[in-house]
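K.L.:
The structure under discussion is supplied below as structure tokens; questions concerning it will follow.
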2 protein chains.
Amino acid sequence: MLFSAYLAAQRQRIDRALDRALPKETRKPATIHRAMRYSLFANGAKRLRPILCLAAAEACGGARAVSEALPLACAVECIHTYSLIHDDLPAMDNDDFRRGQPTCHKVFGEGLAVLAGDALLTHAFELVARARAWPRYDTRALLHELAVTSGSLKLIAGQVADLEGEGKAIDLAQLRFIHEGKTAALLTTSLRFGAMSANADATTLRTLTTFGRALGVAFQVIDDILDVTQTTEKLGKSAGKDVAAQKATYPALLGLDGARAEAKRLTARAHAALRPLGARAEKLRALAEHLLQREN
Amino acid sequence: MLFSAYLAAQRQRIDRALDRALPKETRKPATIHRAMRYSLFANGAKRLRPILCLAAAEACGGARAVSEALPLACAVECIHTYSLIHDDLPAMDNDDFRRGQPTCHKVFGEGLAVLAGDALLTHAFELVARARAWPRYDTRALLHELAVTSGSLKLIAGQVADLEGEGKAIDLAQLRFIHEGKTAALLTTSLRFGAMSANADATTLRTLTTFGRALGVAFQVIDDILDVTQTTEKLGKSAGKDVAAQKATYPALLGLDGARAEAKRLTARAHAALRPLGARAEKLRALAEHLLQREN
């Protein structure tokens, strides 16, 4: 299958870039660098966010833009991994497994897991300092983008609302707020970073933003569906956790068929958003399709 | 006393700037913004780092540079507060009190305390994006400075080494490594940020770096001494914690008199470093003196 070969090649490229971008395991104190790398290089990491970043760069600026986007692609993956490590902590989602492996705090202890998350969050910003700046997007613009997306009004807002919503009856608007923060914001920034690395114009940036928001929520609806329909083995994380934690999910609020219809509707909206980019957005279209049909 | 009036005025100025710089308590989700502000505006916050930042700006560029340095002064205080919130967690130092108030996780719960720390760390970088850039120090330079100082080779390295050193016999070199990471790195960046906000030349920046490193370690030696000699009430945090946690400290390794001599020696080195700045460094000299003589 051609598209799976593309995904595998992108993952390999991103893994190599991440390996170069992170302090070596032997750097003192070694434990923190081992813990950061343990979670960052966990088996089965999909690298969805950096792949979206590189695909957006390619859509906006071709092969050269893809290389330029690599530091920012690594930065979003560091943010994503930090958020997983902290979300998995006993005080939060209390998850023992992630991608089929024991979670960071199960291996390194809670204190070190908190610090490994902190270090990956901080490292993401160091990577922004290393990224090339562009006439339309200087370091300040890149920094502002990542800080706002990762901050208390977006990524962290989603996590707080999720934590506070457990065991409570929340409505679709609140669920949407959670997912726009927890998932859609960073997916959108991944795409925007790709466009920025190609010095894309404002219209193209808006196009990718609209695509990212629809795709991000679609992604989360599908995640909710998979939590209900798949086994722990297939997911690589504990299945049925949402039901057990009495979390509101799309299937819980809309029914399984309703959730599937919502995922289709959002994916269609994502596809529609890409129309102005024409053939250049081929990879982004294939990625959206791939996400709708995924099984883990 | 004139100097205490200066300190009070600076604190007030910084508190106002922090209040403007942080999302309001009412912003959704309100809990996270309440938690961030609870720790950031804790009674008795000394604002040492931002005061050093403003004093360095004044030494290098006079009153106007002080205003320019305010966003960066707020950024270092956000980093400092995040590190306190995470250090106080049960999985780390497990402290119930800080500055005479219950710690963040005692009031808001562990999950939210982790997130409030994350949010303050992230917000520090947003503040860097808002700071003015200078011919010698653009946003990239400011961002790199803060990311490296806060990262896994400095601030977090110190905390990891501290965590791993508990109950073990560590030597003076290792203790120095801990304190250079946990304390001296951010104090030094505070001073460097002040100098950068005045577009100081490379020689002046080096002068303040040397001053910061000596002052930072002196500060920590004194902290260790106070933990042994002062009451919990006077410290505003649990006294005798280091001994209870079997932590290596300067008094434990050098004896109380030896630790006091070391603090004096480092303070003398800090003063010597300031000599090239002449009368302009008056406030920085007074701050170093103040830190040596403090009782909490």
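Numbering starts fresh at 1 for the residues of each chain in the structure tokens, the chains themselves are lettered A, B, ... in the order given, and ligands are numbered from 1 as they appear.
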Which residues are near Thr103 of chain B? Cut-off 10 Å, only C-alpha atoms, ignore same chain within fewer than 2 positions. Put them as a list in words.

P.N.:
Tyr38, Ser39, Ala42, Leu84, Ile85, Asp88, Leu89, Asn94, Asp95, Asp96, Phe97, Arg98, Arg99, Gly100, Gln101, His105, Lys106, Val107, Phe108, Gly109, Ala113 and Lys237 of chain B

K.L.:
Report as a PyMOL selection string the set of chain A residues whose atoms approach chain B to within 9 Å, with distances computed over only C-alpha atoms.

P.N.:
chain A and resi 23+27-29+31-33+86-87+89-92+109-112+114-130+138-148+150-153+156-161+163

K.L.:
Grab the residues selected above and save them as a compact mmCIF listing (two decimals), in the first residue's frame with C-alpha atoms.

P.N.:
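Okay, selection_19.txt is ready:
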```
# COMPACT_ATOMS: atom_id res chain seq x y z
CA PRO A 23 19.61 15.51 24.62
CA ARG A 27 23.60 13.52 29.40
CA LYS A 28 23.59 14.21 33.12
CA PRO A 29 21.21 13.67 34.87
CA THR A 31 17.37 9.55 34.28
CA ILE A 32 15.46 12.58 33.01
CA HIS A 33 16.74 12.11 29.47
CA HIS A 86 0.97 14.34 32.58
CA ASP A 87 -2.52 13.11 31.55
CA LEU A 89 -0.52 10.49 36.03
CA PRO A 90 -2.50 8.94 38.91
CA ALA A 91 -3.80 12.43 39.84
CA MET A 92 -5.26 12.77 36.32
CA GLY A 109 8.04 7.04 39.28
CA GLU A 110 5.61 9.94 39.55
CA GLY A 111 8.12 12.65 40.45
CA LEU A 112 10.28 11.95 37.45
CA VAL A 114 6.14 15.14 36.17
CA LEU A 115 9.65 16.43 35.44
CA ALA A 116 9.95 14.53 32.13
CA GLY A 117 6.71 16.20 31.01
CA ASP A 118 8.01 19.59 32.15
CA ALA A 119 11.27 18.99 30.28
CA LEU A 120 9.55 18.01 27.02
CA LEU A 121 7.28 21.06 27.25
CA THR A 122 10.30 23.29 27.80
CA HIS A 123 12.26 21.55 25.05
CA ALA A 124 9.48 22.25 22.53
CA PHE A 125 10.15 25.96 23.04
CA GLU A 126 13.89 25.46 22.65
CA LEU A 127 13.14 23.85 19.29
CA VAL A 128 11.14 26.91 18.25
CA ALA A 129 14.25 28.98 18.99
CA ARG A 130 16.16 26.69 16.60
CA ASP A 138 9.31 35.44 12.61
CA THR A 139 10.39 33.64 15.79
CA ARG A 140 7.96 35.78 17.78
CA ALA A 141 5.00 34.60 15.65
CA LEU A 142 6.06 30.94 15.92
CA LEU A 143 6.56 31.26 19.68
CA HIS A 144 3.20 32.98 20.17
CA GLU A 145 1.44 30.26 18.17
CA LEU A 146 2.88 27.41 20.27
CA ALA A 147 2.52 29.17 23.63
CA VAL A 148 -1.15 30.06 23.08
CA SER A 150 -0.32 24.86 24.68
CA GLY A 151 -1.58 27.29 27.30
CA SER A 152 -4.37 27.60 29.86
CA LEU A 153 -6.93 28.75 27.29
CA ILE A 156 -4.53 22.89 29.28
CA ALA A 157 -8.08 24.30 29.29
CA GLY A 158 -9.26 21.13 27.56
CA GLN A 159 -7.51 18.93 30.09
CA VAL A 160 -8.92 20.90 33.05
CA ALA A 161 -12.47 20.76 31.65
CA LEU A 163 -10.78 16.46 34.59
```

K.L.:
From the list B:Leu226, B:Ala273, B:Ala73, B:Leu292, which residue is nearest Ala261 of chain B when using only C-alpha atoms?

P.N.:
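So, comparing all the options, the nearest one is B:Leu292.
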
K.L.:
Between B:Arg285, B:Arg269, B:Lys247, B:Arg64, which one has atoms that come closest to Ser197 of chain B, using only C-alpha atoms?

P.N.:
B:Arg64

K.L.:
Using only C-alpha atoms, which protein or nucleic acid residues come within 12 Å of Ala63 of chain A? Drop anything in the same chain fewer than 4 positions from it, and give the result as a list of chain:residue names.

P.N.:
A:Leu54, A:Ala55, A:Ala56, A:Ala57, A:Glu58, A:Ala59, A:Ser67, A:Glu68, A:Ala69, A:Leu70, A:Gly194, A:Ser197, A:Ala198, A:Arg280

K.L.:
So the first atom is atom CA of Gly216 of chain A and the second is atom CA of Arg136 of chain A; what is the distance between them in Å, to one decimal place?

P.N.:
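Taking atom CA of Gly216 of chain A as the start and atom CA of Arg136 of chain A as the end point, the length is 25.3 Å.
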
K.L.:
Counting only C-alpha atoms, what is within 12 Å of Ala169 of chain B, bar same-chain residues fewer than 5 positions away, as an MDAnalysis selection string?

P.N.:
chainID B and resid 162 164 174:175 246:249 252:253

K.L.:
Please, which residues of segment 82-283 of chain B, numbered as in this document, come out alpha helix (DSSP H) from DSSP, as a ChimeraX atom specification?

P.N.:
/B:82-87,104-108,110-130,139-150,155-165,172-179,185-197,202-229,232-235,241-244,250-274,282-283

K.L.:
Tell me, in Å to one decimal, how far atom CA of Arg265 of chain A is from atom CA of Pro251 of chain A.

P.N.:
14.8 Å
